[in-house]
file model.csv (CSV, C-alpha atoms and all ligand atoms)
chain,number,residue,atom,x,y,z
A,284,MET,CA,-20.0,-26.1,33.6
A,285,LYS,CA,-22.7,-23.9,32.2
A,286,THR,CA,-21.8,-20.3,31.4
A,287,LYS,CA,-23.8,-17.3,32.7
A,288,GLY,CA,-26.6,-15.7,30.9
A,289,GLY,CA,-26.2,-13.6,27.8
A,290,ILE,CA,-24.7,-10.1,27.2
A,291,ARG,CA,-27.0,-7.9,25.1
A,292,ILE,CA,-25.3,-5.4,22.9
A,293,ALA,CA,-26.3,-2.7,20.5
A,294,ILE,CA,-24.1,-1.8,17.6
A,295,VAL,CA,-23.6,1.6,15.8
A,296,GLY,CA,-22.1,1.1,12.4
A,297,VAL,CA,-22.6,-2.3,10.8
A,298,GLY,CA,-19.4,-2.2,8.9
A,299,ASN,CA,-16.5,-4.6,8.6
A,300,CYS,CA,-15.5,-4.6,12.3
A,301,ALA,CA,-19.1,-5.4,13.3
A,302,SER,CA,-19.2,-8.1,10.7
A,303,ALA,CA,-16.0,-9.7,12.1
A,304,LEU,CA,-17.4,-9.4,15.7
A,305,ILE,CA,-20.7,-11.1,14.8
A,306,GLN,CA,-19.0,-13.8,12.8
A,307,GLY,CA,-16.8,-14.4,15.8
A,308,ILE,CA,-19.7,-14.7,18.2
A,309,HIS,CA,-21.0,-17.6,16.0
A,310,TYR,CA,-17.6,-19.0,15.1
A,311,TYR,CA,-16.7,-19.5,18.8
A,312,GLY,CA,-20.1,-21.1,19.5
A,313,PRO,CA,-20.8,-23.5,22.3
A,314,ASN,CA,-20.0,-26.5,20.1
A,315,ARG,CA,-16.4,-25.5,19.5
A,316,HIS,CA,-14.3,-27.5,21.9
A,317,ASN,CA,-11.4,-26.2,23.9
A,318,GLU,CA,-8.7,-27.7,21.7
A,319,GLU,CA,-10.2,-26.0,18.7
A,320,VAL,CA,-10.2,-22.5,20.2
A,321,ILE,CA,-7.6,-20.6,18.3
A,322,GLY,CA,-7.2,-16.8,18.3
A,323,LEU,CA,-8.9,-15.8,21.5
A,324,MET,CA,-7.1,-14.0,24.4
A,325,HIS,CA,-9.7,-15.6,26.8
A,326,GLU,CA,-11.9,-18.5,26.0
A,327,SER,CA,-14.0,-17.8,29.1
A,328,LEU,CA,-13.7,-14.4,30.6
A,329,GLY,CA,-15.3,-14.2,34.1
A,330,GLY,CA,-17.6,-17.1,33.1
A,331,TYR,CA,-18.7,-15.5,29.8
A,332,ARG,CA,-17.9,-17.1,26.5
A,333,PRO,CA,-18.0,-15.2,23.1
A,334,SER,CA,-21.2,-16.9,22.1
A,335,ASP,CA,-22.9,-15.4,25.2
A,336,ILE,CA,-22.9,-12.1,23.3
A,337,GLU,CA,-26.2,-11.3,21.6
A,338,VAL,CA,-26.8,-8.4,19.2
A,339,VAL,CA,-30.2,-7.0,20.2
A,340,ALA,CA,-30.1,-3.7,18.3
A,341,ALA,CA,-28.1,-2.1,15.4
A,342,PHE,CA,-27.9,1.3,13.7
A,343,ASP,CA,-26.5,2.2,10.3
A,344,ILE,CA,-27.2,4.7,7.6
A,345,ASP,CA,-26.4,2.7,4.4
A,346,ALA,CA,-29.3,1.9,2.2
A,347,ARG,CA,-28.0,-1.7,1.8
A,348,LYS,CA,-28.1,-2.3,5.5
A,349,VAL,CA,-31.0,-0.3,7.0
A,350,GLY,CA,-34.1,-2.4,7.1
A,351,THR,CA,-32.1,-5.7,6.7
A,352,ASP,CA,-31.6,-8.4,9.2
A,353,VAL,CA,-28.3,-7.7,10.9
A,354,SER,CA,-27.0,-11.2,10.0
A,355,ARG,CA,-27.4,-10.3,6.3
A,356,ALA,CA,-26.3,-6.6,6.7
A,357,ILE,CA,-22.9,-7.7,7.8
A,358,PHE,CA,-22.2,-9.2,4.4
A,359,SER,CA,-23.7,-6.3,2.4
A,360,ALA,CA,-21.6,-4.0,0.3
A,361,PRO,CA,-19.4,-2.1,0.9
A,362,ASN,CA,-18.3,-4.6,3.6
A,363,CYS,CA,-15.4,-6.6,2.3
A,364,VAL,CA,-14.3,-8.5,5.4
A,365,VAL,CA,-13.3,-12.2,5.0
A,366,LYS,CA,-16.2,-14.6,5.5
A,367,PHE,CA,-14.7,-16.9,8.1
A,368,GLU,CA,-18.1,-17.9,9.5
A,369,PRO,CA,-20.7,-18.2,6.7
A,370,ASN,CA,-23.3,-20.0,8.8
A,371,ILE,CA,-25.1,-17.2,10.5
A,372,PRO,CA,-28.9,-17.5,10.8
A,373,ASP,CA,-31.2,-14.5,10.7
A,374,SER,CA,-31.2,-12.8,14.1
A,375,GLY,CA,-34.6,-11.2,14.0
A,376,VAL,CA,-32.9,-7.9,14.6
A,377,THR,CA,-33.4,-5.4,11.8
A,378,VAL,CA,-30.8,-2.7,11.3
A,379,ARG,CA,-32.4,0.7,12.1
A,380,MET,CA,-31.7,4.0,10.5
A,381,GLY,CA,-29.1,6.0,12.5
A,382,ALA,CA,-28.5,9.7,12.9
A,383,VAL,CA,-26.1,10.6,10.1
A,384,LEU,CA,-24.6,13.8,11.5
A,385,ASP,CA,-20.9,13.8,10.4
A,386,GLY,CA,-20.7,10.0,9.8
A,387,VAL,CA,-20.4,10.2,6.1
A,388,SER,CA,-17.5,12.1,4.5
A,389,GLU,CA,-18.4,14.1,1.3
A,390,HIS,CA,-15.5,12.6,-0.7
A,391,MET,CA,-17.1,9.1,-0.4
A,392,ALA,CA,-19.5,10.3,-3.1
A,393,ASN,CA,-16.6,10.3,-5.7
A,394,TYR,CA,-16.2,6.5,-5.4
A,395,ASP,CA,-18.1,3.6,-6.8
A,396,GLU,CA,-21.1,2.5,-4.7
A,397,LYS,CA,-19.6,-0.9,-4.1
A,398,ARG,CA,-16.7,0.8,-2.3
A,399,SER,CA,-18.4,3.6,-0.5
A,400,PHE,CA,-21.4,4.5,1.7
A,401,VAL,CA,-24.8,4.9,0.2
A,402,ARG,CA,-27.0,7.0,2.4
A,403,ALA,CA,-30.5,5.6,3.1
A,404,ASP,CA,-33.4,8.0,2.7
A,405,ALA,CA,-35.2,6.7,5.8
A,406,PRO,CA,-36.0,9.3,8.4
A,407,GLU,CA,-33.3,9.8,11.0
A,408,PRO,CA,-34.0,9.1,14.6
A,409,SER,CA,-33.9,11.7,17.4
A,410,ARG,CA,-32.0,11.1,20.6
A,411,GLU,CA,-35.2,10.0,22.3
A,412,ASP,CA,-35.8,7.5,19.5
A,413,VAL,CA,-32.4,5.9,20.0
A,414,VAL,CA,-32.7,5.9,23.8
A,415,ALA,CA,-36.2,4.3,23.4
A,416,GLU,CA,-34.7,1.6,21.1
A,417,LEU,CA,-31.9,0.9,23.5
A,418,ARG,CA,-34.4,0.4,26.3
A,419,ARG,CA,-36.9,-1.6,24.2
A,420,SER,CA,-34.2,-4.0,23.0
A,421,GLY,CA,-32.8,-4.5,26.5
A,422,ALA,CA,-29.3,-3.6,25.3
A,423,GLU,CA,-26.8,-3.4,28.2
A,424,ILE,CA,-23.8,-2.1,26.1
A,425,LEU,CA,-23.6,0.1,23.1
A,426,VAL,CA,-20.6,-0.6,20.8
A,427,ASN,CA,-19.4,2.3,18.6
A,428,TYR,CA,-18.0,1.4,15.2
A,429,LEU,CA,-18.6,4.7,13.4
A,430,PRO,CA,-16.1,5.9,10.7
A,431,VAL,CA,-13.1,7.9,11.9
A,432,GLY,CA,-13.9,11.7,12.1
A,433,SER,CA,-17.5,11.1,13.3
A,434,GLU,CA,-17.1,13.6,16.2
A,435,LYS,CA,-20.7,14.7,16.4
A,436,ALA,CA,-22.2,11.3,15.7
A,437,THR,CA,-20.1,9.7,18.4
A,438,ARG,CA,-21.1,12.3,20.9
A,439,PHE,CA,-24.7,11.8,19.9
A,440,TYR,CA,-24.6,8.0,20.6
A,441,ALA,CA,-22.5,8.5,23.8
A,442,GLU,CA,-25.2,10.8,25.1
A,443,CYS,CA,-27.8,8.2,24.2
A,444,ALA,CA,-25.9,5.5,26.1
A,445,LEU,CA,-25.6,7.9,29.1
A,446,GLU,CA,-29.3,8.6,29.1
A,447,ALA,CA,-30.3,5.0,28.6
A,448,GLY,CA,-27.8,3.9,31.3
A,449,VAL,CA,-26.1,1.4,29.0
A,450,GLY,CA,-22.3,0.8,29.0
A,451,PHE,CA,-20.4,2.4,26.1
A,452,ILE,CA,-17.5,0.9,24.2
A,453,ASN,CA,-15.8,3.4,22.0
A,454,ASN,CA,-13.7,1.7,19.3
A,455,ILE,CA,-12.9,4.8,17.4
A,456,PRO,CA,-10.6,7.7,17.9
A,457,VAL,CA,-13.1,10.3,19.0
A,458,PHE,CA,-12.1,11.2,22.5
A,459,ILE,CA,-14.9,10.2,25.0
A,460,ALA,CA,-13.4,7.8,27.6
A,461,SER,CA,-10.2,9.8,27.5
A,462,ASP,CA,-12.0,13.2,27.9
A,463,PRO,CA,-12.0,14.0,31.6
A,464,GLU,CA,-15.5,15.7,31.3
A,465,TYR,CA,-17.1,12.7,29.7
A,466,ALA,CA,-15.2,10.4,32.1
A,467,ALA,CA,-16.7,12.3,35.0
A,468,ARG,CA,-20.2,12.1,33.5
A,469,PHE,CA,-20.0,8.4,33.0
A,470,ALA,CA,-18.8,8.1,36.6
A,471,GLU,CA,-21.6,10.3,37.9
A,472,ARG,CA,-24.2,8.1,36.2
A,473,ASN,CA,-22.3,4.9,37.3
A,474,VAL,CA,-22.3,3.8,33.6
A,475,PRO,CA,-19.1,1.9,32.5
A,476,ILE,CA,-17.2,3.0,29.5
A,477,ILE,CA,-14.1,1.6,27.7
A,478,GLY,CA,-12.2,3.6,25.1
A,479,ASP,CA,-10.9,5.1,23.0
A,480,ASP,CA,-9.8,3.6,19.7
A,481,ILE,CA,-9.6,-0.2,19.8
A,482,LYS,CA,-6.0,-1.7,19.7
A,483,SER,CA,-6.0,-4.7,17.4
A,484,GLN,CA,-4.9,-8.2,18.6
A,485,LEU,CA,-1.7,-8.2,16.7
A,486,GLY,CA,-1.8,-4.9,14.8
A,487,ALA,CA,0.5,-2.1,13.9
A,488,THR,CA,0.1,-0.2,17.2
A,489,ILE,CA,0.9,-3.1,19.6
A,490,VAL,CA,3.9,-4.2,17.5
A,491,HIS,CA,5.2,-0.7,17.2
A,492,ARG,CA,4.7,-0.1,21.0
A,493,VAL,CA,6.4,-3.4,22.0
A,494,LEU,CA,9.4,-2.6,19.8
A,495,THR,CA,9.6,1.0,21.1
A,496,ASP,CA,9.5,-0.4,24.7
A,497,LEU,CA,12.2,-2.9,23.7
A,498,PHE,CA,14.5,-0.1,22.4
A,499,ALA,CA,14.0,1.8,25.7
A,500,LYS,CA,14.6,-1.3,27.9
A,501,ARG,CA,17.7,-2.4,25.9
A,502,GLY,CA,19.3,1.1,26.0
A,503,VAL,CA,19.0,1.9,22.3
A,504,LYS,CA,18.2,5.5,21.6
A,505,LEU,CA,15.3,5.7,19.1
A,506,LEU,CA,16.1,8.6,16.8
A,507,HIS,CA,13.5,8.3,14.0
A,508,THR,CA,10.5,6.0,13.3
A,509,TYR,CA,7.6,5.7,10.9
A,510,GLN,CA,4.6,3.5,10.6
A,511,LEU,CA,3.0,3.5,7.2
A,512,ASN,CA,-0.3,1.7,6.7
A,513,THR,CA,-2.2,0.8,3.5
A,514,GLY,CA,-5.6,-0.9,3.1
A,515,GLY,CA,-8.6,-1.1,0.8
A,516,ASN,CA,-11.7,-1.1,3.1
A,517,THR,CA,-14.1,1.8,3.7
A,518,ASP,CA,-12.1,2.7,6.9
A,519,PHE,CA,-9.1,3.4,4.7
A,520,LEU,CA,-11.2,5.2,2.0
A,521,ASN,CA,-12.8,7.3,4.7
A,522,MET,CA,-9.4,8.3,6.0
A,523,LYS,CA,-8.4,9.7,2.7
A,524,ASN,CA,-10.1,12.8,3.9
A,525,GLN,CA,-7.3,14.5,5.9
A,526,GLU,CA,-9.7,16.7,7.8
A,527,ARG,CA,-11.2,13.6,9.5
A,528,LEU,CA,-7.8,12.3,10.6
A,529,ALA,CA,-6.6,14.7,13.4
A,530,SER,CA,-7.7,12.5,16.3
A,531,LYS,CA,-6.6,9.2,14.6
A,532,LYS,CA,-3.1,10.6,14.1
A,533,THR,CA,-3.0,11.8,17.7
A,534,SER,CA,-4.3,8.4,19.0
A,535,LYS,CA,-1.9,6.3,17.0
A,536,THR,CA,1.1,8.6,17.5
A,537,GLU,CA,0.6,9.0,21.3
A,538,ALA,CA,0.2,5.2,21.7
A,539,VAL,CA,3.8,4.9,20.5
A,540,GLN,CA,5.1,8.1,22.2
A,541,ALA,CA,3.7,6.8,25.5
A,542,VAL,CA,6.2,4.0,25.7
A,543,ALA,CA,9.3,5.8,24.3
A,544,LYS,CA,12.1,6.3,26.8
A,545,ALA,CA,11.8,10.1,26.1
A,546,ARG,CA,9.3,11.9,24.2
A,547,MET,CA,10.4,12.2,20.5
A,548,GLU,CA,10.3,15.4,18.5
A,549,ASN,CA,7.2,15.5,16.3
A,550,GLU,CA,9.3,15.4,13.1
A,551,ASP,CA,11.1,12.3,14.2
A,552,ILE,CA,7.9,10.2,14.5
A,553,HIS,CA,5.4,9.6,11.7
A,554,VAL,CA,2.5,7.3,12.4
A,555,GLY,CA,-0.6,7.2,10.3
A,556,PRO,CA,-2.9,5.7,7.8
A,557,SER,CA,-1.0,6.3,4.6
A,558,ASP,CA,-3.0,5.3,1.6
A,559,TYR,CA,-6.1,3.6,0.2
A,560,VAL,CA,-5.3,0.7,-2.2
A,561,PRO,CA,-8.7,-0.7,-3.3
A,562,TRP,CA,-7.5,-4.2,-4.3
A,563,GLN,CA,-6.2,-4.8,-0.8
A,564,ASN,CA,-9.8,-4.8,0.5
A,565,ASP,CA,-9.7,-5.7,4.2
A,566,ASN,CA,-6.0,-6.6,4.1
A,567,LYS,CA,-4.0,-4.0,5.9
A,568,VAL,CA,-0.3,-3.8,5.3
A,569,CYS,CA,1.9,-2.0,7.8
A,570,PHE,CA,5.6,-0.9,7.3
A,571,ILE,CA,7.5,0.1,10.4
A,572,ARG,CA,11.0,1.5,10.3
A,573,MET,CA,13.0,2.4,13.4
A,574,GLU,CA,16.4,4.0,13.4
A,575,GLY,CA,18.5,4.2,16.6
A,576,HIS,CA,21.9,4.4,18.2
A,577,ALA,CA,23.1,1.4,20.2
A,578,PHE,CA,26.2,0.6,22.3
A,579,GLY,CA,29.1,3.0,21.4
A,580,ASN,CA,26.6,5.4,19.8
A,581,VAL,CA,26.7,3.0,16.8
A,582,PRO,CA,23.7,3.2,14.4
A,583,MET,CA,21.2,0.4,13.8
A,584,GLU,CA,18.0,0.1,11.9
A,585,LEU,CA,14.9,-2.2,12.0
A,586,GLU,CA,12.4,-2.7,9.2
A,587,LEU,CA,9.2,-4.7,9.5
A,588,ARG,CA,6.3,-5.6,7.3
A,589,LEU,CA,3.0,-6.8,8.9
A,590,SER,CA,0.1,-8.0,6.9
A,591,VAL,CA,-3.2,-8.8,8.6
A,592,GLN,CA,-6.9,-8.9,7.9
A,593,ASP,CA,-7.9,-5.7,9.5
A,594,SER,CA,-11.4,-6.3,10.9
A,595,PRO,CA,-11.0,-9.8,12.3
A,596,ASN,CA,-7.8,-8.5,13.9
A,597,SER,CA,-9.9,-6.2,16.1
A,598,ALA,CA,-12.9,-8.5,16.8
A,599,GLY,CA,-11.4,-10.7,19.5
A,600,VAL,CA,-10.3,-7.6,21.4
A,601,ALA,CA,-13.9,-6.3,21.1
A,602,ILE,CA,-15.2,-9.5,22.5
A,603,ASP,CA,-13.0,-9.1,25.5
A,604,MET,CA,-14.0,-5.4,25.9
A,605,ILE,CA,-17.6,-6.4,25.9
A,606,ARG,CA,-17.1,-9.1,28.5
A,607,CYS,CA,-15.1,-6.8,30.7
A,608,CYS,CA,-17.9,-4.1,30.4
A,609,LYS,CA,-20.4,-6.8,31.4
A,610,LEU,CA,-18.4,-7.8,34.4
A,611,ALA,CA,-18.4,-4.1,35.5
A,612,LEU,CA,-22.2,-4.0,35.0
A,613,ASP,CA,-22.6,-7.2,37.0
A,614,SER,CA,-20.5,-5.6,39.8
A,615,GLY,CA,-22.2,-2.2,39.7
A,616,VAL,CA,-19.0,-0.5,38.7
A,617,GLY,CA,-19.3,2.6,36.5
A,618,GLY,CA,-17.1,5.3,34.9
A,619,VAL,CA,-14.0,4.7,32.9
A,620,LEU,CA,-12.7,1.1,33.2
A,621,ALA,CA,-9.0,2.0,33.4
A,622,ALA,CA,-7.5,-1.4,33.0
A,623,PRO,CA,-9.5,-2.6,30.0
A,624,SER,CA,-9.1,0.8,28.4
A,625,ALA,CA,-5.4,0.8,28.8
A,626,TYR,CA,-5.0,-2.8,27.5
A,627,PHE,CA,-7.6,-2.8,24.7
A,628,CYS,CA,-7.4,0.8,23.4
A,629,LYS,CA,-4.8,3.1,21.8
A,630,HIS,CA,-6.0,6.3,23.5
A,631,PRO,CA,-7.0,5.6,27.1
A,632,LEU,CA,-7.4,8.2,29.8
A,633,VAL,CA,-4.2,7.0,31.4
A,634,GLN,CA,-1.5,5.1,29.3
A,635,TYR,CA,0.5,2.2,30.7
A,636,THR,CA,3.0,-0.1,29.0
A,637,ASP,CA,1.3,-3.2,27.5
A,638,ASP,CA,3.0,-5.4,30.1
A,639,GLU,CA,1.5,-3.3,32.9
A,640,ALA,CA,-1.9,-3.0,31.2
A,641,TYR,CA,-2.0,-6.8,30.7
A,642,LYS,CA,-1.4,-7.4,34.4
A,643,MET,CA,-4.0,-4.8,35.3
A,644,VAL,CA,-6.7,-6.3,33.0
A,645,GLU,CA,-6.1,-9.8,34.3
A,646,GLU,CA,-6.5,-8.5,37.9
A,647,PHE,CA,-9.7,-6.6,36.8
A,648,ILE,CA,-11.1,-9.9,35.5
A,649,THR,CA,-10.2,-11.8,38.6
A,650,THR,CA,-11.6,-9.1,40.9
A,651,HIS,CA,-14.9,-8.7,39.1
A,652,SER,CA,-15.5,-12.4,38.2
A,653,THR,CA,-18.0,-14.5,40.1
A,654,GLU,CA,-18.0,-18.2,39.7
A,655,ALA,CA,-19.6,-19.6,36.6
A,656,VAL,CA,-23.0,-21.1,37.3
A,657,PRO,CA,-22.7,-24.9,37.7
A,658,ALA,CA,-24.7,-26.9,35.1
A,701,LIG,N1,-8.6,-3.2,13.2
A,701,LIG,C1,-9.6,-2.4,12.9
A,701,LIG,O1,-10.4,-2.7,12.0
A,701,LIG,C2,-9.8,-1.1,13.7
A,701,LIG,C3,-8.9,-0.7,14.7
A,701,LIG,C4,-9.1,0.4,15.4
A,701,LIG,C5,-10.2,1.2,15.1
A,701,LIG,N2,-11.1,0.9,14.2
A,701,LIG,C6,-12.2,1.8,13.9
A,701,LIG,O2,-13.5,1.2,14.0
A,701,LIG,C7,-14.4,1.9,13.2
A,701,LIG,C8,-15.2,0.9,12.3
A,701,LIG,O3,-14.3,0.3,11.4
A,701,LIG,P1,-14.9,-0.5,10.2
A,701,LIG,O4,-13.8,-1.1,9.5
A,701,LIG,O5,-16.0,-1.4,10.6
A,701,LIG,O6,-15.5,0.7,9.3
A,701,LIG,P2,-16.6,0.6,8.1
A,701,LIG,O7,-16.4,1.7,7.2
A,701,LIG,O8,-16.6,-0.8,7.6
A,701,LIG,O9,-18.0,0.7,8.9
A,701,LIG,C9,-18.5,1.9,9.3
A,701,LIG,C10,-20.1,1.8,9.3
A,701,LIG,O10,-20.7,2.9,9.9
A,701,LIG,C11,-21.8,3.3,9.1
A,701,LIG,N3,-22.2,4.6,9.4
A,701,LIG,C12,-21.7,5.8,8.9
A,701,LIG,N4,-22.2,6.9,9.6
A,701,LIG,C13,-23.1,6.4,10.5
A,701,LIG,C14,-24.0,7.0,11.4
A,701,LIG,N5,-24.0,8.3,11.5
A,701,LIG,N6,-24.8,6.2,12.2
A,701,LIG,C15,-24.7,4.8,12.1
A,701,LIG,N7,-23.9,4.2,11.2
A,701,LIG,C16,-23.1,5.0,10.4
A,701,LIG,C17,-21.4,3.0,7.7
A,701,LIG,O11,-22.5,2.8,6.8
A,701,LIG,C18,-20.6,1.6,7.9
A,701,LIG,O12,-21.5,0.5,7.8
A,701,LIG,C19,-13.5,2.9,12.3
A,701,LIG,O13,-13.6,4.1,12.9
A,701,LIG,C20,-12.1,2.3,12.5
A,701,LIG,O14,-11.1,3.3,12.3
A,701,LIG,C21,-10.9,-0.3,13.5
call {"tool": "encode", "arguments": {"input": "model.csv", "output": "structure tokens", "more": "lines below"}}
Ligand SMILES: NC(=O)c1ccc[n+]([C@@H]2O[C@H](COP(=O)([O-])OP(=O)(O)OC[C@H]3O[C@@H](n4cnc5c(N)ncnc54)[C@H](O)[C@@H]3O)[C@@H](O)[C@H]2O)c1
result
Amino acid sequence: MKTKGGIRIAIVGVGNCASALIQGIHYYGPNRHNEEVIGLMHESLGGYRPSDIEVVAAFDIDARKVGTDVSRAIFSAPNCVVKFEPNIPDSGVTVRMGAVLDGVSEHMANYDEKRSFVRADAPEPSREDVVAELRRSGAEILVNYLPVGSEKATRFYAECALEAGVGFINNIPVFIASDPEYAARFAERNVPIIGDDIKSQLGATIVHRVLTDLFAKRGVKLLHTYQLNTGGNTDFLNMKNQERLASKKTSKTEAVQAVAKARMENEDIHVGPSDYVPWQNDNKVCFIRMEGHAFGNVPMELELRLSVQDSPNSAGVAIDMIRCCKLALDSGVGGVLAAPSAYFCKHPLVQYTDDEAYKMVEEFITTHSTEAVPA
């Protein structure tokens, strides 16, 4: 069986997540046989394999990435993601200068260059320039990996996607797919969008949600809970600036609130990025505590520690989001893709439990799949 043609994507923000995604596209190449495929939710999704994804354009603002082949930019400082696929040939795609806007927090300047962003001095593109590059490259989907708090920059690139008519995948907690006005505009233009804020494969959010759902289903009243996260990548460094965190906190907290039996008082639930620990690099450690009352109103407690490599943890989910977006493009479906957004993102337009969202996304894949092309 031969798979369908490629899926051409453009990336904004060639950081650790983009690196893990591109490494994954090569790692799960055509020569990796079925029995070796570990870590994917779907090996083939609607006839598309991970290696069908091709990066045709990329934007960043870091001097060590702009002007560099994207295959080398993904291993440039300050990226610190684990190198699980070192054999990545040059792609012929050069990272282009992006529009900086609010992408770079001022506090980053107080940290060593190997840990923080270094702004390139190349001229910034206008919206027309970005739209022209999306069209020239033949990109079908624009994948947003900007730093948390990039409100203006995310809107800028979302407008470019709308204008160029390319699908938009919003991995970050700036509310676009979950904003009814943007949702309506993507629907009007019949451009598919999935968002907001990618939910990692086995990360803090899904674990906290599943446990919260379990408390509800097993009749245990959840009284207090926290989720503390530490990490040492630029995502965590960026999030030291509390002013950039409002939407991240909302996204992460609402993801848990949405599956609680009853909405908890704000002071009984604390969910957030908690600190930047440089030596952890891309290792994210999450501590969850849940206190409740069970049968007979008797107290119980649960404590959990989860340790993951942050960026690879999101890349498989991104690969499935890209393939679902492509299925929508193939089927001529535009607007917010409700099922993929609910299953793959923390802050969709409409929240469902993970069980419901899982069933919905599998149905979406079946509905929009056409048979793979026979060899
Ligand atoms: N598991 C996960 O890793 C995970 C989960 C959920 C959400 N996210 C979100 O995904 C986003 C990307 O995460 P990351 O770890 O790759 O971050 P990162 O800091 O490694 O990468 C961000 C990249 O964006 C670039 N950039 C900054 N401003 C820009 C602009 N205006 N235009 C173009 N490029 C710009 C930076 O130079 C950097 O290369 C973050 O917002 C993060 O919170 C990640």
call {"tool": "closest_atom_pairs", "arguments": {"input": "model.csv", "of": "chain A", "to": "ligand LIG 701 (chain A)", "cutoff": "7 Å", "atoms": "all atoms listed in the file", "output": "CSV"}}
result
residue,atom,partner,partner_atom,distance
A:Val295,CA,A:LIG701,C15,5.0
A:Gly296,CA,A:LIG701,O10,3.4
A:Val297,CA,A:LIG701,O12,4.2
A:Gly298,CA,A:LIG701,O9,3.2
A:Asn299,CA,A:LIG701,O5,3.8
A:Cys300,CA,A:LIG701,O5,3.7
A:Ala301,CA,A:LIG701,O5,5.7
A:Phe342,CA,A:LIG701,C15,5.0
A:Asp343,CA,A:LIG701,N7,3.4
A:Ile344,CA,A:LIG701,N7,4.9
A:Asp345,CA,A:LIG701,O11,4.6
A:Asn362,CA,A:LIG701,O8,5.8
A:Gly381,CA,A:LIG701,N6,4.3
A:Ala382,CA,A:LIG701,N5,4.9
A:Val383,CA,A:LIG701,N5,3.4
A:Leu384,CA,A:LIG701,N5,5.5
A:Asp385,CA,A:LIG701,N5,6.4
A:Gly386,CA,A:LIG701,N4,3.4
A:Val387,CA,A:LIG701,N4,5.1
A:Phe400,CA,A:LIG701,O11,5.5
A:Tyr428,CA,A:LIG701,C8,4.1
A:Leu429,CA,A:LIG701,O10,4.5
A:Pro430,CA,A:LIG701,O13,3.8
A:Val431,CA,A:LIG701,O13,4.0
A:Ala436,CA,A:LIG701,N5,5.5
A:Asn454,CA,A:LIG701,O2,5.3
A:Ile455,CA,A:LIG701,O13,4.6
A:Pro456,CA,A:LIG701,O13,6.9
A:Asp480,CA,A:LIG701,C5,5.2
A:Ile481,CA,A:LIG701,C4,4.5
A:Lys482,CA,A:LIG701,C4,5.7
A:Ser483,CA,A:LIG701,N1,5.2
A:Asn516,CA,A:LIG701,O8,6.7
A:Thr517,CA,A:LIG701,O7,4.2
A:Asp518,CA,A:LIG701,O7,4.4
A:Asp593,CA,A:LIG701,N1,4.5
A:Ser594,CA,A:LIG701,O1,3.9
A:Asn596,CA,A:LIG701,N1,5.4
A:Ser597,CA,A:LIG701,N1,4.4
call {"tool": "write_last_selection", "arguments": {"input": "model.csv", "atoms": "C-alpha atoms", "output": "JSON list (two decimals), in the coordinates of the input"}}
result
[["chain", "number", "residue", "atom", "x", "y", "z"],
["A", 295, "VAL", "CA", -23.60, 1.60, 15.80],
["A", 296, "GLY", "CA", -22.10, 1.10, 12.40],
["A", 297, "VAL", "CA", -22.60, -2.30, 10.80],
["A", 298, "GLY", "CA", -19.40, -2.20, 8.90],
["A", 299, "ASN", "CA", -16.50, -4.60, 8.60],
["A", 300, "CYS", "CA", -15.50, -4.60, 12.30],
["A", 301, "ALA", "CA", -19.10, -5.40, 13.30],
["A", 342, "PHE", "CA", -27.90, 1.30, 13.70],
["A", 343, "ASP", "CA", -26.50, 2.20, 10.30],
["A", 344, "ILE", "CA", -27.20, 4.70, 7.60],
["A", 345, "ASP", "CA", -26.40, 2.70, 4.40],
["A", 362, "ASN", "CA", -18.30, -4.60, 3.60],
["A", 381, "GLY", "CA", -29.10, 6.00, 12.50],
["A", 382, "ALA", "CA", -28.50, 9.70, 12.90],
["A", 383, "VAL", "CA", -26.10, 10.60, 10.10],
["A", 384, "LEU", "CA", -24.60, 13.80, 11.50],
["A", 385, "ASP", "CA", -20.90, 13.80, 10.40],
["A", 386, "GLY", "CA", -20.70, 10.00, 9.80],
["A", 387, "VAL", "CA", -20.40, 10.20, 6.10],
["A", 400, "PHE", "CA", -21.40, 4.50, 1.70],
["A", 428, "TYR", "CA", -18.00, 1.40, 15.20],
["A", 429, "LEU", "CA", -18.60, 4.70, 13.40],
["A", 430, "PRO", "CA", -16.10, 5.90, 10.70],
["A", 431, "VAL", "CA", -13.10, 7.90, 11.90],
["A", 436, "ALA", "CA", -22.20, 11.30, 15.70],
["A", 454, "ASN", "CA", -13.70, 1.70, 19.30],
["A", 455, "ILE", "CA", -12.90, 4.80, 17.40],
["A", 456, "PRO", "CA", -10.60, 7.70, 17.90],
["A", 480, "ASP", "CA", -9.80, 3.60, 19.70],
["A", 481, "ILE", "CA", -9.60, -0.20, 19.80],
["A", 482, "LYS", "CA", -6.00, -1.70, 19.70],
["A", 483, "SER", "CA", -6.00, -4.70, 17.40],
["A", 516, "ASN", "CA", -11.70, -1.10, 3.10],
["A", 517, "THR", "CA", -14.10, 1.80, 3.70],
["A", 518, "ASP", "CA", -12.10, 2.70, 6.90],
["A", 593, "ASP", "CA", -7.90, -5.70, 9.50],
["A", 594, "SER", "CA", -11.40, -6.30, 10.90],
["A", 596, "ASN", "CA", -7.80, -8.50, 13.90],
["A", 597, "SER", "CA", -9.90, -6.20, 16.10]]
call {"tool": "atom_distance", "arguments": {"input": "model.csv", "atom1": "atom CA of Met604 of chain A", "atom2": "atom CA of Ala538 of chain A"}}
result
18.2 Å
call {"tool": "closest_residue", "arguments": {"input": "model.csv", "among": "A:Lys366, A:His651, A:Arg419, A:His630", "to": "Leu612 of chain A", "atoms": "only C-alpha atoms"}}
result
A:His651
call {"tool": "residues_around", "arguments": {"input": "model.csv", "residues": "Pro556 of chain A", "least_positions_apart": "6", "cutoff": "12 Å", "atoms": "all atoms listed in the file", "output": "NGL selection string"}}
result
:A and (431 or 487-488 or 509-515 or 518-525 or 527-536 or 567-570)
